[in-house]
Structure formats: structure tokens, C-alpha cells
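A.B. asks: One structure, as C-alpha cells, below. Some questions next.
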Amino acid sequence: MSIRFDGRVAIVTGAGNGLGRAHAMGLAKLGAKVVVNDFGGARDGTGGSLSAADKVVEEIRQLGGIAIADGADVSNFEQVTMMVDRATAEWGSVDLMCANAGILRDKSFGKMEPADFAKVLDVHLTGTFNCCKAVWDGMRARNFGRIVLTTSSSGLYGNFGQSNYGAAKTGMIGLMNVLAQEGRKTDIRVNTISPTAATRMTEELLPPDALALLKPESITPAVLYLLSENAPTRTIMGAGAGSFAVIKLLESEGVNFDESEWSPDTIAAHFAEISDMAGARALEGAFQQTQKYVQQAATRLGIKV
């Protein structure tokens with residue numbers, strides 16, 4: 001059965017350009033009613049205008065879709081709540097949330113001003129929290145919800161000059177992990193996309209030939225899948241230029257030592273063994289790590305726990 005979103009209501013933040021626009025268009029083409037949210041600011045988050053969102057809404061309507069524009073600043077919880085309330089009043093629910101909005105204020109860490117660090121976290125991480133929080137109760141009440149957060153390779157792997165952006169984007173993984181657990185019993189599935197695309201965020205960072213391959217539309221199929229009825233939950237997908245991957249945080253099997261050996265010299269002597277990834281696996285929750293360590297200690301001591 002083909003994936004469709006008929007009867008579903010979606011909010012896509014940062015949808016006036018780039019990735020958000022592609023996601024909003026993709027959802028509308030598959031039948032969703034879409035709130036095209038965009039604060040309309042510059043790349044650094046200054047300014048503000050509804051013109052970009054209005055343009056995308058008009059594009060959707062010309063294709064026969066249903067959409068409204070909204071200029072809520074995602075870093076303002078009251079504005080986000082009003083946006084969700086408006087969509088609910090208009091169409092009865094918000095079923096799908098794609099938290100895509102973001103800004104850049106790149107500087108090397110030595111030159112990073114606290115205000116620039118705080119503002120990027122406020123838009124990306126707190127803004128994503130605001131979006132999830134505003135739709136959470138309604139999704140729980142209806143026993144259905146699909147949420148996609150947006151991380152970045154800058155956070156997952158690191159990128160010079162983006163300590164603020166990288167920290168915010170890595171925070172998405174922690175948020176996803178917890179929300180996916182808390183949402184399971186009411187069928188709220190929470191996933192994360194790590195996109196690489198040619199947008200105004202990246203246009204100055206890549207050569208023209210690379211940018212030509214990295215169309216925002218090449219990311220959208222993964223986002224639509226993660227928002228679909230049969231989506232997984234607690235999954236990170238990487239996407240770019242038509243390539244799609246699953247990203248996991250892995251932990252080595254590790255080594256357990258007797259208390260008499262608890263010293264930095266022991267760690268140094270056995271670091272190769274400790275860091276051996278041959279038996280590495282992705283853990284499904286914080287307590288699973290605790291259980292693993294306790295079981296290793298108990299096995300070494302020959303006791304049952």
C-alpha cells in the first residue's frame with residue numbers, strides 16, 4: 001500500500017524555504033493538510049516576514065492541496081501553542097509535526113559570544129521542545145502522533161565553527177530518545193532526520209557541483225516515511241543526494257575490573273580492549289546500560305543479581 005496522508009494535519013516549521021518547503025510540498029501532494037510555518041527571518045534569525053510561507057501555501061494550493069501560513073517564532077512557546085490551536089480549530093487535530101526550523105550563527109569557539117550560543121540553542125533545541133510540547137497532549141488524547149526532529153552531522157560528528165549548532169542538534173537525539181519511550185503507549189512515534197542538502201544554510205559551504213546533487217527534495221522521502229502510519233520510532237535517518245542511511249549510537253561491550261584495579265593506569269593498559277567495537281551494540285534505554293554493567297560485575301564475581 002502506498003504511503004498517503006489523507007485526513008492528516010501536519011505542521012512543518014521553517015517551511016518557507018529549502019528543506020521545510022520540500023517537506024511541506026511532499027506532505028500536501030500526498031493528501032495532508034499543512035501548516036506552513038516560517039518566521040521569515042534571515043539565516044541568523046533576525047527579521048521576520050510571512051511572505052516566504054505565503055508563497056509556499058500558494059504553490060500548494062495551485063497543485064490542489066490545502067495549506068495555511070503561520071509566522072510563529074518556534075522559540076516562543078505561546079506563539080507555537082497559538083499555531084497548534086489555530087490548526088486544531090481549522091482542521092480538528094494536529095497529527096504530524098516536522099520540527100525543521102533553524103538558524104546559523106557560526107563562529108569558532110574562541111570567538112563565540114554567549115548570546116550567539118544561547119540564541120541558536122533557543123531556536124533549535126528549545127524551539128523543537130516547544131513544538132513537541134504544543135502537540136503532545138492532543139496526540140496522546142487521540143492515541144496517534146508522528147514527530148520528526150532535525151539533527152545534523154555537525155552535531156553527530158562535529159564541524160568547525162558550529163559549537164552552538166552542533167550542541168543544539170545533538171540535543172535532538174536525547175529529546176527523541178525520551179519522547180519515543182514516553183509516546184509508545186499512545187502510538188506517538190518520534191524519529192530524527194539528519195539531512196545534507198543545498199539550502200541557504202549550506203550554499204556558501206559547498207562547491208556548485210556538489211550543491212547541484214544535494215536537492216532538498218532528496219531528503220523529503222525519508223521524512224515522509226518517518227511521519228507515516230507504519231513508521232518506526234526512535235530512529236535516526238541520514239539523507240542526502242538520494243542516499244539514505246540509519247545512524248546508531250553504539251557502545252562497546254567493555255571490560256569489567258576488580259575494585260583493586262580501579263585506576264587510570266588500568267584504563268590506559270586496557271584501552272584497546274575497552275574500545276574494541278567488535279561486540280558493540282545500540283542500547284535501547286539508559287537502564288539497559290546500568291543492567292549491562294551490573295551483570296558484567298556479577299558475572300566476574302560469580303554472583304546472581
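Going through the C-alpha cells in order, the chains are called A, B, and so on, while each chain numbers its residues from 1 and the ligands are numbered from 1 in the order shown.
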Quick one: residues within 10 Å of region 12-18 of chain A, only C-alpha atoms, excluding same-chain residues fewer than 6 positions away - as a PyMOL selection string?
C.D. replies: chain A and resi 24-25+27+34-41+50-57+69-74+80+96-103+127-128+131+148+197-201+215-217
A.B. asks: Apply DSSP to the structure's backbone, then extract all residues of region 170-283 of chain A labelled alpha helix (DSSP H) and return them as number ranges by chain.
C.D. replies: A: 170-183, 208-213, 220-226, 264-269, 271-274
A.B. asks: Please provide the set of residues having any atom within 12 Å of Ser108 (chain A), restricted to only C-alpha atoms, with same-chain residues fewer than 6 positions apart removed, written as a list in words.
C.D. replies: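 Contacts, in chain order: Asp116, Phe117, Asn159, Phe160, Gly161, Gln162, Ser163, Asn164 and Tyr165 of chain A.
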A.B. asks: Go ahead and dump the residues you just picked, N, CA, C and O atoms, as an mmCIF file, in the first residue's frame.
C.D. replies:
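Result file selection07.cif:
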```cif
data_model
loop_
_atom_site.group_PDB
_atom_site.id
_atom_site.type_symbol
_atom_site.label_atom_id
_atom_site.label_comp_id
_atom_site.auth_asym_id
_atom_site.auth_seq_id
_atom_site.Cartn_x
_atom_site.Cartn_y
_atom_site.Cartn_z
ATOM 1 N N ASP A 116 25.179 34.367 21.082
ATOM 2 C CA ASP A 116 25.020 33.590 19.850
ATOM 3 C C ASP A 116 24.860 32.111 20.150
ATOM 4 O O ASP A 116 24.135 31.395 19.448
ATOM 5 N N PHE A 117 25.534 31.628 21.185
ATOM 6 C CA PHE A 117 25.353 30.232 21.601
ATOM 7 C C PHE A 117 23.927 30.024 22.103
ATOM 8 O O PHE A 117 23.226 29.088 21.690
ATOM 9 N N ASN A 159 31.756 19.770 13.445
ATOM 10 C CA ASN A 159 32.065 20.658 12.324
ATOM 11 C C ASN A 159 32.614 21.964 12.874
ATOM 12 O O ASN A 159 32.003 22.580 13.750
ATOM 13 N N PHE A 160 33.754 22.375 12.379
ATOM 14 C CA PHE A 160 34.441 23.568 12.883
ATOM 15 C C PHE A 160 33.515 24.783 12.828
ATOM 16 O O PHE A 160 32.830 25.019 11.836
ATOM 17 N N GLY A 161 33.515 25.550 13.905
ATOM 18 C CA GLY A 161 32.770 26.803 13.930
ATOM 19 C C GLY A 161 31.311 26.669 14.276
ATOM 20 O O GLY A 161 30.560 27.650 14.190
ATOM 21 N N GLN A 162 30.878 25.466 14.687
ATOM 22 C CA GLN A 162 29.455 25.264 14.954
ATOM 23 C C GLN A 162 29.208 24.633 16.327
ATOM 24 O O GLN A 162 28.396 23.732 16.471
ATOM 25 N N SER A 163 29.892 25.126 17.337
ATOM 26 C CA SER A 163 29.681 24.572 18.680
ATOM 27 C C SER A 163 28.245 24.794 19.137
ATOM 28 O O SER A 163 27.640 23.917 19.784
ATOM 29 N N ASN A 164 27.659 25.945 18.818
ATOM 30 C CA ASN A 164 26.278 26.225 19.204
ATOM 31 C C ASN A 164 25.299 25.327 18.434
ATOM 32 O O ASN A 164 24.431 24.671 19.017
ATOM 33 N N TYR A 165 25.468 25.287 17.136
ATOM 34 C CA TYR A 165 24.593 24.490 16.269
ATOM 35 C C TYR A 165 24.762 22.994 16.550
ATOM 36 O O TYR A 165 23.790 22.246 16.659
#
```
A.B. asks: Hey, which of A:Thr170, A:Gln79, A:Ser228, A:Ser194 ends up closest to His124 (chain A)? Count only C-alpha atoms.
C.D. replies: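 Using only C-alpha atoms, His124 (chain A) sits closest to A:Thr170.
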A.B. asks: Would you kindly return, as a VMD selection string, each protein, DNA or RNA residue with an atom no farther than 12 Å from any atom of region 230-234 of chain A, considering only C-alpha atoms and excluding same-chain residues fewer than 6 positions away?
C.D. replies: chain A and resid 1 to 5 96 144 to 149 172 to 184 187 to 193 222 to 224 246 to 249 282 to 285
A.B. asks: List as a list in words the protein and nucleic acid residues near Trp91 (chain A), meaning an atom at most 12 Å away when only C-alpha atoms are counted, but skip any in the same chain fewer than 3 places from it.
C.D. replies: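 Contacts, in chain order: Gly7, Arg8, Val9, Ala10, Ile11, Ala32, Lys33, Val34, Val35, Ile66, Ala67, Ile68, Val84, Asp85, Arg86, Ala87, Thr88, Val94 and Asp95 of chain A.
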A.B. asks: Using the selection just defined, write its residues with N, CA, C and O atoms as a short mmCIF file (atom, residue, chain, number, x, y, z; two decimals), in the first residue's frame.
C.D. replies:
```cif
data_model
loop_
_atom_site.label_atom_id
_atom_site.label_comp_id
_atom_site.auth_asym_id
_atom_site.auth_seq_id
_atom_site.Cartn_x
_atom_site.Cartn_y
_atom_site.Cartn_z
N GLY A 7 -6.52 13.03 5.28
CA GLY A 7 -7.16 13.18 6.58
C GLY A 7 -6.22 13.59 7.70
O GLY A 7 -6.68 13.88 8.80
N ARG A 8 -4.93 13.64 7.45
CA ARG A 8 -3.96 14.03 8.46
C ARG A 8 -3.65 15.53 8.37
O ARG A 8 -3.67 16.12 7.28
N VAL A 9 -3.33 16.11 9.52
CA VAL A 9 -2.96 17.51 9.60
C VAL A 9 -1.50 17.59 10.04
O VAL A 9 -1.11 16.98 11.04
N ALA A 10 -0.71 18.33 9.29
CA ALA A 10 0.72 18.41 9.55
C ALA A 10 1.16 19.85 9.78
O ALA A 10 0.63 20.78 9.15
N ILE A 11 2.12 20.03 10.66
CA ILE A 11 2.83 21.30 10.79
C ILE A 11 4.27 21.07 10.40
O ILE A 11 4.91 20.12 10.88
N ALA A 32 -2.02 15.49 2.88
CA ALA A 32 -2.10 16.13 4.19
C ALA A 32 -2.54 17.58 4.06
O ALA A 32 -2.26 18.25 3.06
N LYS A 33 -3.23 18.06 5.07
CA LYS A 33 -3.46 19.49 5.24
C LYS A 33 -2.25 20.03 5.99
O LYS A 33 -1.86 19.47 7.02
N VAL A 34 -1.66 21.11 5.50
CA VAL A 34 -0.35 21.51 6.00
C VAL A 34 -0.35 22.95 6.52
O VAL A 34 -0.80 23.87 5.84
N VAL A 35 0.17 23.11 7.74
CA VAL A 35 0.51 24.43 8.25
C VAL A 35 1.95 24.72 7.84
O VAL A 35 2.87 24.01 8.27
N ILE A 66 -4.12 21.65 0.33
CA ILE A 66 -4.72 22.50 1.36
C ILE A 66 -3.64 22.92 2.33
O ILE A 66 -2.93 22.07 2.89
N ALA A 67 -3.51 24.23 2.54
CA ALA A 67 -2.45 24.72 3.42
C ALA A 67 -2.80 26.11 3.94
O ALA A 67 -3.57 26.85 3.31
N ILE A 68 -2.24 26.44 5.09
CA ILE A 68 -2.31 27.79 5.63
C ILE A 68 -0.91 28.19 6.08
O ILE A 68 -0.09 27.35 6.41
N VAL A 84 -0.71 25.79 16.99
CA VAL A 84 -1.33 24.47 17.12
C VAL A 84 -2.83 24.60 17.36
O VAL A 84 -3.64 23.88 16.77
N ASP A 85 -3.21 25.55 18.21
CA ASP A 85 -4.63 25.78 18.47
C ASP A 85 -5.36 26.20 17.20
O ASP A 85 -6.51 25.78 16.95
N ARG A 86 -4.72 27.04 16.42
CA ARG A 86 -5.33 27.50 15.17
C ARG A 86 -5.54 26.35 14.20
O ARG A 86 -6.61 26.21 13.59
N ALA A 87 -4.52 25.49 14.06
CA ALA A 87 -4.65 24.33 13.16
C ALA A 87 -5.74 23.38 13.64
O ALA A 87 -6.51 22.83 12.85
N THR A 88 -5.79 23.20 14.96
CA THR A 88 -6.80 22.30 15.53
C THR A 88 -8.20 22.86 15.32
O THR A 88 -9.14 22.11 15.00
N VAL A 94 -3.85 18.07 15.16
CA VAL A 94 -2.51 18.09 14.55
C VAL A 94 -1.94 16.70 14.74
O VAL A 94 -1.70 16.27 15.87
N ASP A 95 -1.76 15.99 13.65
CA ASP A 95 -1.32 14.59 13.70
C ASP A 95 0.17 14.43 13.48
O ASP A 95 0.78 13.47 13.97
#
```
A.B. asks: To one decimal place, how far is CA of Thr186 (chain A) from CA of Trp136 (chain A) in Å?
C.D. replies: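 A separation of 10.3 Å between them.
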A.B. asks: Just list as an mmCIF file with C-alpha atoms, in the first residue's frame whatever in region 32-192 of chain A DSSP marks as strand (DSSP E or B).
C.D. replies:
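Saved as selection10.cif:
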```cif
data_model
loop_
_atom_site.group_PDB
_atom_site.id
_atom_site.type_symbol
_atom_site.label_atom_id
_atom_site.label_comp_id
_atom_site.auth_asym_id
_atom_site.auth_seq_id
_atom_site.Cartn_x
_atom_site.Cartn_y
_atom_site.Cartn_z
ATOM 1 C CA LYS A 33 -3.460 19.494 5.238
ATOM 2 C CA VAL A 34 -0.346 21.513 6.001
ATOM 3 C CA VAL A 35 0.505 24.432 8.250
ATOM 4 C CA VAL A 36 3.431 26.107 6.525
ATOM 5 C CA ASN A 37 5.249 27.725 9.419
ATOM 6 C CA ILE A 66 -4.725 22.502 1.359
ATOM 7 C CA ALA A 67 -2.451 24.723 3.419
ATOM 8 C CA ILE A 68 -2.308 27.793 5.626
ATOM 9 C CA ALA A 69 0.640 30.003 6.520
ATOM 10 C CA ASP A 70 1.766 30.753 10.050
ATOM 11 C CA LEU A 96 2.144 15.210 12.265
ATOM 12 C CA MET A 97 4.874 17.564 13.434
ATOM 13 C CA CYS A 98 8.035 18.143 11.428
ATOM 14 C CA LYS A 107 31.949 31.264 14.769
ATOM 15 C CA GLY A 145 1.095 11.156 16.576
ATOM 16 C CA ARG A 146 4.146 11.274 14.355
ATOM 17 C CA ILE A 147 7.017 13.645 15.105
ATOM 18 C CA VAL A 148 10.219 14.165 13.157
ATOM 19 C CA LEU A 149 13.059 16.173 14.691
ATOM 20 C CA THR A 150 16.005 17.510 12.716
ATOM 21 C CA GLN A 162 29.455 25.264 14.954
ATOM 22 C CA ILE A 188 3.276 8.646 19.260
ATOM 23 C CA ARG A 189 6.340 7.774 17.209
ATOM 24 C CA VAL A 190 9.309 10.120 17.358
ATOM 25 C CA ASN A 191 12.185 9.978 14.893
ATOM 26 C CA THR A 192 15.021 12.202 13.699
#
```
A.B. asks: Tell me which protein, DNA and RNA residues are within 8 Å of Thr220 (chain A), counting only C-alpha atoms, leaving out same-chain ones fewer than 5 positions away, and put them as a short mmCIF file (atom, residue, chain, number, x, y, z; two decimals) with N, CA, C and O atoms, in the first residue's frame.
C.D. replies:
```cif
data_model
loop_
_atom_site.label_atom_id
_atom_site.label_comp_id
_atom_site.auth_asym_id
_atom_site.auth_seq_id
_atom_site.Cartn_x
_atom_site.Cartn_y
_atom_site.Cartn_z
N LEU A 19 14.61 22.85 2.92
CA LEU A 19 14.11 21.56 3.38
C LEU A 19 12.66 21.62 3.81
O LEU A 19 11.85 20.76 3.45
N ALA A 22 10.28 21.74 0.94
CA ALA A 22 10.19 20.43 0.27
C ALA A 22 9.33 19.47 1.07
O ALA A 22 8.51 18.74 0.51
N HIS A 23 9.49 19.47 2.40
CA HIS A 23 8.69 18.58 3.25
C HIS A 23 7.21 18.95 3.21
O HIS A 23 6.35 18.08 3.12
N GLY A 26 5.78 17.95 -0.11
CA GLY A 26 5.65 16.50 -0.17
C GLY A 26 4.45 15.99 0.59
O GLY A 26 3.71 15.11 0.13
#
```
